[in-house]
Amino acid sequence: EISLGLVGSEMCIRDRHHVKRKGCKMNQIAKIKELERKIGYKFRNFNLLVMAVRHSSYTNEHKQERLECNERLEFLGDAVLEAVSSEFLYQNFPEKPEGELTKMRASLVCEPTLAYDAREIALGSYLLLGKGEEATGGRGRDSITSDAFEAVIGAIFLDGGFANAKEFVLAHVLDDVEHKQLFYDSKTILQEMIQGEKGGDVSYVITGERGPDHDKCFEAEAYVGQRRIGSGSGRTKKAAEQQAAYDAICKIKKSGK
């Protein structure tokens, strides 16, 4: 582990050398300190946050042990997230049966939603990635940012206990349940809304794509018959369609029709 014992505002010389031996530069540490301030939790063992943003591609490239990447913290954070979200939904939605609570929880802890949460704190910009992963758009890849987000939860849990991890989850995951439910499965929700009004089926058209193969961005539009009702973009065709459906739902809710 990287020992980063702080003396005032300066790091111990011994710790500086230890950081360099582990392949983590001082400017990277400064950047991660910025993340610490952003999430509003002060680590006693700062190395836990460093580990949370350290991807396996980075450990491989710097000849570090695989156990020094964020995968174990992700495993722990996933369990903490499920416990916190389960308790939250149980307490706040007493009228909903188990099946609906399970569906709601799935919408809040799935990869697209956690990637959305990660973007809200610009987590991708703080990740320690290998050069290959960096070059192929890893900072914006949902699978990487959502895993790192769970690793941050795991790091907070180890450093400050369940209460602090719960506070982070409440602030960054469970802050807007209704919006994130729509974000998770907009296509299904939109279809149910349209069919409820006997409006027919919703269809989607991919209208464009841009960017290199490793970092594509697709554009999609949602239609009912010949009428365009929403548009969106995403890194996959499915994500673009979900975003178009979400856009349509927001427009329908706003218009009241």
# chains A, B, ... in the order shown; residues from 1 in each chain; ligands from 1
>>> closest_atom_pairs(of="stretch 111-142 of chain A", to="stretch 28-33 of chain A", cutoff="9 Å", atoms="only C-alpha atoms", output="CSV")
residue,atom,partner,partner_atom,distance
A:Ser125,CA,A:Lys31,CA,9.0
A:Tyr126,CA,A:Ile32,CA,6.1
A:Leu127,CA,A:Ile32,CA,8.4
A:Leu128,CA,A:Gln28,CA,8.1
>>> residues_around(residues="stretch 87-94 of chain A", least_positions_apart="2", cutoff="9 Å", atoms="only C-alpha atoms", output="list in words")
Glu82, Ala83, Val84, Ser85, Lys96, Pro97, Glu98, Leu101, Met104, Arg105, Leu170 and Leu174 of chain A
>>> write_last_selection(atoms="N, CA, C and O atoms", output="CSV table (one decimal), in the first residue's frame")
chain,number,residue,atom,x,y,z
A,82,GLU,N,-25.7,-2.0,-2.0
A,82,GLU,CA,-26.9,-2.8,-2.0
A,82,GLU,C,-27.6,-2.7,-0.6
A,82,GLU,O,-28.8,-2.6,-0.5
A,83,ALA,N,-26.8,-2.8,0.5
A,83,ALA,CA,-27.4,-2.7,1.8
A,83,ALA,C,-28.0,-1.3,2.0
A,83,ALA,O,-29.2,-1.2,2.6
A,84,VAL,N,-27.3,-0.3,1.7
A,84,VAL,CA,-27.8,1.1,1.9
A,84,VAL,C,-29.1,1.3,1.1
A,84,VAL,O,-30.1,1.9,1.6
A,85,SER,N,-29.0,1.0,-0.2
A,85,SER,CA,-30.2,1.2,-1.1
A,85,SER,C,-31.4,0.4,-0.7
A,85,SER,O,-32.5,0.9,-0.7
A,96,LYS,N,-44.8,-0.3,-1.3
A,96,LYS,CA,-44.4,-1.2,-2.4
A,96,LYS,C,-44.0,-2.6,-2.0
A,96,LYS,O,-43.3,-2.8,-1.0
A,97,PRO,N,-44.5,-3.6,-2.7
A,97,PRO,CA,-44.1,-5.0,-2.4
A,97,PRO,C,-42.7,-5.3,-2.8
A,97,PRO,O,-42.0,-4.5,-3.5
A,98,GLU,N,-42.2,-6.5,-2.4
A,98,GLU,CA,-40.8,-6.9,-2.6
A,98,GLU,C,-40.4,-6.8,-4.0
A,98,GLU,O,-39.3,-6.3,-4.4
A,101,LEU,N,-39.7,-3.2,-5.1
A,101,LEU,CA,-38.5,-2.7,-4.5
A,101,LEU,C,-37.3,-3.3,-5.1
A,101,LEU,O,-36.3,-2.6,-5.3
A,104,MET,N,-36.8,-1.4,-8.3
A,104,MET,CA,-36.3,0.0,-8.0
A,104,MET,C,-34.8,-0.1,-7.7
A,104,MET,O,-34.0,0.7,-8.1
A,105,ARG,N,-34.4,-1.0,-6.8
A,105,ARG,CA,-33.0,-1.1,-6.4
A,105,ARG,C,-32.1,-1.4,-7.6
A,105,ARG,O,-31.0,-0.8,-7.8
A,170,LEU,N,-26.3,8.2,0.0
A,170,LEU,CA,-27.5,9.0,0.1
A,170,LEU,C,-27.3,10.3,-0.7
A,170,LEU,O,-28.2,10.7,-1.4
A,174,LEU,N,-28.8,8.0,-4.1
A,174,LEU,CA,-30.2,8.0,-3.7
A,174,LEU,C,-30.7,9.4,-3.6
A,174,LEU,O,-31.8,9.7,-2.9
>>> closest_residue(among="A:Leu129, A:Ile39, A:Val109, A:Ala245", to="A:Tyr58", atoms="only C-alpha atoms")
A:Leu129
>>> select_by_dssp(residues="stretch 167-222 of chain A", states="strand (DSSP E or B)", output="JSON, numbers by chain")
{"A": [202, 203, 204, 205, 206, 207, 208, 209, 210, 217, 218, 219, 220, 221, 222]}
>>> write_last_selection(atoms="all heavy atoms", output="CSV table (one decimal), in the first residue's frame")
chain,number,residue,atom,x,y,z
A,202,VAL,N,-43.7,2.5,-29.9
A,202,VAL,CA,-42.6,3.4,-30.0
A,202,VAL,C,-41.5,2.7,-30.9
A,202,VAL,O,-41.2,1.5,-30.7
A,202,VAL,CB,-42.0,3.8,-28.7
A,202,VAL,CG1,-40.9,4.8,-28.8
A,202,VAL,CG2,-43.1,4.4,-27.8
A,203,SER,N,-40.9,3.5,-31.8
A,203,SER,CA,-39.8,2.9,-32.6
A,203,SER,C,-38.6,3.9,-32.5
A,203,SER,O,-38.8,5.0,-32.1
A,203,SER,CB,-40.2,2.8,-34.1
A,203,SER,OG,-40.6,4.0,-34.6
A,204,TYR,N,-37.5,3.3,-32.8
A,204,TYR,CA,-36.2,4.1,-32.7
A,204,TYR,C,-35.4,4.1,-34.0
A,204,TYR,O,-35.4,3.0,-34.7
A,204,TYR,CB,-35.4,3.6,-31.5
A,204,TYR,CG,-36.1,3.7,-30.2
A,204,TYR,CD1,-36.9,2.7,-29.7
A,204,TYR,CD2,-35.9,4.9,-29.4
A,204,TYR,CE1,-37.6,2.8,-28.5
A,204,TYR,CE2,-36.6,5.0,-28.2
A,204,TYR,CZ,-37.4,4.0,-27.8
A,204,TYR,OH,-38.1,4.1,-26.6
A,205,VAL,N,-34.8,5.2,-34.3
A,205,VAL,CA,-34.0,5.2,-35.5
A,205,VAL,C,-32.6,5.8,-35.1
A,205,VAL,O,-32.5,6.8,-34.4
A,205,VAL,CB,-34.6,6.2,-36.5
A,205,VAL,CG1,-33.7,6.3,-37.7
A,205,VAL,CG2,-36.0,5.6,-37.0
A,206,ILE,N,-31.5,5.1,-35.4
A,206,ILE,CA,-30.2,5.6,-35.2
A,206,ILE,C,-29.9,6.6,-36.4
A,206,ILE,O,-29.9,6.2,-37.5
A,206,ILE,CB,-29.1,4.5,-35.2
A,206,ILE,CG1,-29.5,3.5,-34.1
A,206,ILE,CG2,-27.7,5.1,-35.0
A,206,ILE,CD1,-29.4,4.1,-32.7
A,207,THR,N,-29.7,7.9,-36.0
A,207,THR,CA,-29.6,8.9,-37.0
A,207,THR,C,-28.2,9.3,-37.4
A,207,THR,O,-28.0,10.0,-38.3
A,207,THR,CB,-30.4,10.2,-36.6
A,207,THR,OG1,-29.9,10.6,-35.3
A,207,THR,CG2,-31.9,9.8,-36.4
A,208,GLY,N,-27.3,8.8,-36.6
A,208,GLY,CA,-25.9,9.2,-36.9
A,208,GLY,C,-24.9,8.6,-35.9
A,208,GLY,O,-25.3,8.0,-34.8
A,209,GLU,N,-23.6,8.6,-36.2
A,209,GLU,CA,-22.6,8.2,-35.3
A,209,GLU,C,-21.3,9.0,-35.6
A,209,GLU,O,-21.1,9.4,-36.8
A,209,GLU,CB,-22.3,6.7,-35.5
A,209,GLU,CG,-21.9,6.2,-36.8
A,209,GLU,CD,-21.6,4.7,-36.9
A,209,GLU,OE1,-22.6,4.0,-37.0
A,209,GLU,OE2,-20.5,4.3,-36.8
A,210,ARG,N,-20.5,9.2,-34.6
A,210,ARG,CA,-19.3,9.9,-34.8
A,210,ARG,C,-18.2,9.4,-33.9
A,210,ARG,O,-18.5,8.7,-32.9
A,210,ARG,CB,-19.5,11.4,-34.5
A,210,ARG,CG,-20.0,11.7,-33.1
A,210,ARG,CD,-20.2,13.2,-32.9
A,210,ARG,NE,-20.5,13.6,-31.6
A,210,ARG,CZ,-21.7,13.5,-31.1
A,210,ARG,NH1,-22.7,13.2,-31.8
A,210,ARG,NH2,-21.9,13.9,-29.8
A,217,CYS,N,-19.9,7.6,-30.6
A,217,CYS,CA,-21.1,8.2,-30.0
A,217,CYS,C,-22.2,8.1,-31.1
A,217,CYS,O,-22.0,8.6,-32.2
A,217,CYS,CB,-20.8,9.7,-29.7
A,217,CYS,SG,-22.2,10.6,-28.9
A,218,PHE,N,-23.3,7.5,-30.6
A,218,PHE,CA,-24.4,7.3,-31.5
A,218,PHE,C,-25.5,8.3,-31.2
A,218,PHE,O,-25.7,8.7,-30.0
A,218,PHE,CB,-25.0,5.9,-31.4
A,218,PHE,CG,-24.0,4.8,-31.8
A,218,PHE,CD1,-23.1,4.2,-30.9
A,218,PHE,CD2,-23.9,4.4,-33.1
A,218,PHE,CE1,-22.2,3.3,-31.3
A,218,PHE,CE2,-23.0,3.4,-33.5
A,218,PHE,CZ,-22.2,2.8,-32.6
A,219,GLU,N,-26.3,8.6,-32.2
A,219,GLU,CA,-27.4,9.5,-32.0
A,219,GLU,C,-28.7,8.8,-32.5
A,219,GLU,O,-28.7,8.1,-33.4
A,219,GLU,CB,-27.3,10.8,-32.9
A,219,GLU,CG,-26.1,11.6,-32.5
A,219,GLU,CD,-25.8,12.8,-33.4
A,219,GLU,OE1,-26.5,12.9,-34.4
A,219,GLU,OE2,-24.9,13.7,-33.1
A,220,ALA,N,-29.8,9.0,-31.7
A,220,ALA,CA,-31.0,8.2,-31.9
A,220,ALA,C,-32.2,9.2,-31.8
A,220,ALA,O,-32.1,10.2,-31.0
A,220,ALA,CB,-31.1,7.0,-31.0
A,221,GLU,N,-33.3,8.8,-32.4
A,221,GLU,CA,-34.6,9.5,-32.3
A,221,GLU,C,-35.7,8.5,-32.0
A,221,GLU,O,-35.6,7.3,-32.5
A,221,GLU,CB,-34.9,10.3,-33.5
A,221,GLU,CG,-33.9,11.4,-33.8
A,221,GLU,CD,-34.2,12.2,-35.1
A,221,GLU,OE1,-35.0,11.7,-35.9
A,221,GLU,OE2,-33.7,13.3,-35.2
A,222,ALA,N,-36.6,8.9,-31.1
A,222,ALA,CA,-37.8,8.1,-30.8
A,222,ALA,C,-39.0,8.6,-31.6
A,222,ALA,O,-39.2,9.8,-31.6
A,222,ALA,CB,-38.0,8.1,-29.3
>>> select_by_dssp(residues="stretch 20-247 of chain A", states="alpha helix (DSSP H)", output="MDAnalysis selection string")
chainID A and resid 20:21 26:39 47:52 56:61 71:92 98:109 111:120 131:135 142:160 162:172 177:184 186:196 237:247
>>> atom_distance(atom1="atom CA of A:Val169", atom2="atom CA of A:Leu81")
6.9 Å
>>> residues_around(residues="A:Leu190", least_positions_apart="4", cutoff="7 Å", atoms="only C-alpha atoms", output="ChimeraX atom specification")
/A:186,194,245,249
>>> write_last_selection(atoms="N, CA, C and O atoms", output="CSV table (one decimal), in the first residue's frame")
chain,number,residue,atom,x,y,z
A,186,SER,N,-35.9,3.7,-19.5
A,186,SER,CA,-36.7,4.7,-20.2
A,186,SER,C,-37.6,4.1,-21.3
A,186,SER,O,-38.7,4.5,-21.5
A,194,ILE,N,-47.1,5.4,-23.6
A,194,ILE,CA,-47.7,5.6,-24.9
A,194,ILE,C,-48.9,4.6,-25.1
A,194,ILE,O,-50.0,5.0,-25.6
A,245,ALA,N,-35.6,8.0,-25.4
A,245,ALA,CA,-36.8,7.7,-24.6
A,245,ALA,C,-36.9,8.6,-23.4
A,245,ALA,O,-38.0,9.1,-23.1
A,249,ILE,N,-39.9,11.1,-22.5
A,249,ILE,CA,-40.7,11.1,-21.2
A,249,ILE,C,-40.7,12.5,-20.5
A,249,ILE,O,-41.7,13.0,-20.1
>>> residues_around(residues="A:Lys251", least_positions_apart="4", cutoff="12 Å", atoms="only C-alpha atoms", output="list in words")
Leu190, Arg228, Ile229, Gly230, Ser231, Ala244, Ala245, Tyr246, Asp247, Ser255, Gly256 and Lys257 of chain A
>>> closest_residue(among="A:Gly40, A:Ala135, A:Ala151, A:Ala248", to="A:Ile189", atoms="only C-alpha atoms")
A:Ala248
>>> atom_distance(atom1="atom CA of A:Gly140", atom2="atom CA of A:Lys216")
10.9 Å
>>> residues_around(residues="A:Asp78", least_positions_apart="5", cutoff="10 Å", atoms="only C-alpha atoms", output="mmCIF file with C-alpha atoms, in the first residue's frame")
data_model
loop_
_atom_site.group_PDB
_atom_site.id
_atom_site.type_symbol
_atom_site.label_atom_id
_atom_site.label_comp_id
_atom_site.auth_asym_id
_atom_site.auth_seq_id
_atom_site.Cartn_x
_atom_site.Cartn_y
_atom_site.Cartn_z
ATOM 1 C CA ARG A 72 -11.482 -5.700 -4.278
ATOM 2 C CA LEU A 73 -12.775 -2.312 -3.148
ATOM 3 C CA ALA A 83 -27.403 -2.702 1.809
ATOM 4 C CA VAL A 109 -27.314 0.224 -8.691
ATOM 5 C CA ASP A 147 -16.754 0.094 -11.002
ATOM 6 C CA PHE A 149 -17.626 4.570 -8.141
ATOM 7 C CA GLU A 150 -18.376 1.390 -6.199
ATOM 8 C CA ALA A 151 -14.698 1.206 -5.211
ATOM 9 C CA ILE A 153 -17.898 3.530 -1.642
ATOM 10 C CA GLY A 154 -15.835 0.562 -0.473
#
>>> closest_atom_pairs(of="stretch 33-85 of chain A", to="stretch 158-162 of chain A", cutoff="10 Å", atoms="only C-alpha atoms", output="tab-separated table")
residue	atom	partner	partner_atom	distance
A:Tyr41	CA	A:Gly160	CA	9.0
A:Lys42	CA	A:Gly160	CA	9.1
A:Phe43	CA	A:Asp159	CA	6.5
A:Arg44	CA	A:Asp159	CA	6.6
A:Asn45	CA	A:Asp159	CA	6.5
A:Phe46	CA	A:Asp159	CA	8.7
A:Asn47	CA	A:Asp159	CA	9.8
A:Leu48	CA	A:Asp159	CA	7.4
A:Leu49	CA	A:Asp159	CA	9.2
A:Leu73	CA	A:Leu158	CA	8.9
A:Leu76	CA	A:Leu158	CA	8.9
A:Gly77	CA	A:Leu158	CA	9.4
A:Val80	CA	A:Phe162	CA	7.8
A:Ala83	CA	A:Phe162	CA	9.9
A:Val84	CA	A:Phe162	CA	9.0
>>> write_last_selection(atoms="N, CA and C atoms", output="PDB file, in the first residue's frame")
ATOM      1  N   TYR A  41     -15.540  13.897   1.831  1.00  0.00           N
ATOM      2  CA  TYR A  41     -15.137  12.986   2.900  1.00  0.00           C
ATOM      3  C   TYR A  41     -13.620  13.013   3.025  1.00  0.00           C
ATOM      4  N   LYS A  42     -13.110  13.254   4.231  1.00  0.00           N
ATOM      5  CA  LYS A  42     -11.677  13.333   4.481  1.00  0.00           C
ATOM      6  C   LYS A  42     -11.165  11.967   4.930  1.00  0.00           C
ATOM      7  N   PHE A  43     -10.287  11.380   4.133  1.00  0.00           N
ATOM      8  CA  PHE A  43      -9.751  10.055   4.438  1.00  0.00           C
ATOM      9  C   PHE A  43      -8.665  10.127   5.501  1.00  0.00           C
ATOM     10  N   ARG A  44      -8.730   9.226   6.465  1.00  0.00           N
ATOM     11  CA  ARG A  44      -7.632   9.036   7.404  1.00  0.00           C
ATOM     12  C   ARG A  44      -6.511   8.260   6.710  1.00  0.00           C
ATOM     13  N   ASN A  45      -6.890   7.252   5.948  1.00  0.00           N
ATOM     14  CA  ASN A  45      -5.930   6.483   5.151  1.00  0.00           C
ATOM     15  C   ASN A  45      -6.167   6.838   3.683  1.00  0.00           C
ATOM     16  N   PHE A  46      -5.460   7.867   3.224  1.00  0.00           N
ATOM     17  CA  PHE A  46      -5.675   8.386   1.878  1.00  0.00           C
ATOM     18  C   PHE A  46      -5.388   7.338   0.804  1.00  0.00           C
ATOM     19  N   ASN A  47      -4.537   6.374   1.127  1.00  0.00           N
ATOM     20  CA  ASN A  47      -4.212   5.332   0.171  1.00  0.00           C
ATOM     21  C   ASN A  47      -5.441   4.570  -0.305  1.00  0.00           C
ATOM     22  N   LEU A  48      -6.452   4.486   0.531  1.00  0.00           N
ATOM     23  CA  LEU A  48      -7.678   3.788   0.135  1.00  0.00           C
ATOM     24  C   LEU A  48      -8.349   4.486  -1.043  1.00  0.00           C
ATOM     25  N   LEU A  49      -8.350   5.806  -1.039  1.00  0.00           N
ATOM     26  CA  LEU A  49      -8.928   6.534  -2.172  1.00  0.00           C
ATOM     27  C   LEU A  49      -8.062   6.378  -3.409  1.00  0.00           C
ATOM     28  N   LEU A  73     -11.958  -3.380  -3.717  1.00  0.00           N
ATOM     29  CA  LEU A  73     -12.775  -2.312  -3.148  1.00  0.00           C
ATOM     30  C   LEU A  73     -14.124  -2.220  -3.850  1.00  0.00           C
ATOM     31  N   LEU A  76     -16.409  -4.815  -2.377  1.00  0.00           N
ATOM     32  CA  LEU A  76     -16.918  -4.390  -1.077  1.00  0.00           C
ATOM     33  C   LEU A  76     -17.952  -3.281  -1.233  1.00  0.00           C
ATOM     34  N   GLY A  77     -17.653  -2.309  -2.077  1.00  0.00           N
ATOM     35  CA  GLY A  77     -18.575  -1.190  -2.285  1.00  0.00           C
ATOM     36  C   GLY A  77     -19.914  -1.636  -2.836  1.00  0.00           C
ATOM     37  N   VAL A  80     -21.974  -2.818   0.104  1.00  0.00           N
ATOM     38  CA  VAL A  80     -22.421  -1.686   0.919  1.00  0.00           C
ATOM     39  C   VAL A  80     -23.545  -0.937   0.210  1.00  0.00           C
ATOM     40  N   ALA A  83     -26.822  -2.788   0.470  1.00  0.00           N
ATOM     41  CA  ALA A  83     -27.403  -2.702   1.809  1.00  0.00           C
ATOM     42  C   ALA A  83     -28.034  -1.334   2.048  1.00  0.00           C
ATOM     43  N   VAL A  84     -27.323  -0.272   1.684  1.00  0.00           N
ATOM     44  CA  VAL A  84     -27.832   1.079   1.912  1.00  0.00           C
ATOM     45  C   VAL A  84     -29.077   1.348   1.075  1.00  0.00           C
TER      46      VAL A  84
END
>>> atom_distance(atom1="atom CA of A:Ser146", atom2="atom CA of A:His179")
17.8 Å
